[in-house]
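> Encoded as structure tokens, here's the structure I'll be asking about.
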Amino acid sequence: MGLDMYLTGSVWKSKLDGEREEVEGYPLQHLELEIGYWRKHRRLHGYIVKAFGGGVDECQKIELDADACRKIAKAVMDDALPHTEGCFFGNGEIDEIERQEREAHSKTFEDAASWLDGKDWKYSLYYQASW
């Protein structure tokens, strides 16, 4: 068990777009894209939950827009993520590994913001954790 964290992009396939792709005989409603994945990055999880999830940590989907992604990227680069504790969330050694990889993690959120820029309602992004 542990803290698994997903950043997922969604692209809706509207009936208004014309022909829709089918999967096993059913129309494809939307595509989900794995934009990011982390394991036991508890400080990042704590920041997203507090800043964009209203402080509620129930493994719910937390929708993020481009501005939110840029704020997260900056917090990661500035090492401004809060101390966060939780069952199966990892320990301080993992925090140090995450600090060493912060440039890559920040880039994931910058790339996600760029992916969302200029897109219409059919494109969305959400964060969700599970344990």
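Note on naming: chains are A, B, ... as they come in the structure tokens, residues start from 1 per chain, ligands start from 1 in the order shown.
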Compile the contact shell of segment 40-50 of chain A as an MDAnalysis selection string: residues with an atom at most 10 Å away, counting only C-alpha atoms, same-chain residues fewer than 6 positions apart removed.
chainID A and resid 2:5 56:60 62 64 68:69 71:72 75:76 79:86 88:92 94:95 97:99 105 127:129 131
> Which value, in Å to one decimal, gives the distance between atom CA of Asp78 of chain A and atom CA of Glu34 of chain A?
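These atoms are spaced 24.8 Å apart.
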> Compile the contact shell of Ala113 of chain A as number ranges by chain: residues with an atom at most 9 Å away, counting only C-alpha atoms, same-chain residues fewer than 4 positions apart removed.
A: 65-70, 108-109, 117
> Write the residues you've just listed into a file as an mmCIF file, in the first residue's frame, and include C-alpha atoms for each of them.

```
data_model
loop_
_atom_site.group_PDB
_atom_site.id
_atom_site.type_symbol
_atom_site.label_atom_id
_atom_site.label_comp_id
_atom_site.auth_asym_id
_atom_site.auth_seq_id
_atom_site.Cartn_x
_atom_site.Cartn_y
_atom_site.Cartn_z
ATOM 1 C CA ASP A 65 -6.746 24.649 -14.663
ATOM 2 C CA ALA A 66 -3.621 26.037 -16.341
ATOM 3 C CA ASP A 67 -3.166 28.708 -13.655
ATOM 4 C CA ALA A 68 -3.337 26.077 -10.886
ATOM 5 C CA CYS A 69 -0.730 23.964 -12.708
ATOM 6 C CA ARG A 70 1.617 26.935 -12.909
ATOM 7 C CA THR A 108 5.208 18.067 -15.635
ATOM 8 C CA PHE A 109 2.882 20.777 -14.315
ATOM 9 C CA ASP A 117 -3.805 26.735 -22.764
#
```
> As an exercise, work out the distance from atom CA of Glu32 of chain A to atom CA of Gly118 of chain A in Å and give it to one decimal place.
18.7 Å
> Using only C-alpha atoms, which of A:Arg39, A:Lys119, A:His30, A:Lys107 sits nearest Val11 of chain A?
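Closest to Val11 of chain A, using only C-alpha atoms: A:His30.
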> Name all residues at most 9 Å from Ile35 of chain A (count only C-alpha atoms; drop same-chain ones fewer than 5 positions away) and give them as a PyMOL selection string.
chain A and resi 6-9+108-109+111-112+125
> Which of segment 27-57 of chain A counts as alpha helix (DSSP H) under DSSP, as a VMD selection string please?
chain A and resid 42 to 52
> Mind the document's chain letters and residue numbers, and return as a list in words the residues of segment 28-60 of chain A that DSSP labels strand (DSSP E or B).
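Output for segment 28-60 of chain A, strand (DSSP E or B) only: His30, Leu31, Glu32, Leu33, Glu34, Ile35, Gly36, Tyr37, Trp38 and Arg39 of chain A.
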> Go through A:Leu31, A:Val23, A:Trp115, A:Met77 one by one, measure the shortest atom-to-atom distance of each to Ser10 of chain A using only C-alpha atoms, and give the residue with the smallest value.
A:Leu31
> For a test of reading the model, state the distance in Å between atom CA of Arg102 of chain A and atom CA of Ala73 of chain A, rounded to one decimal.
8.8 Å
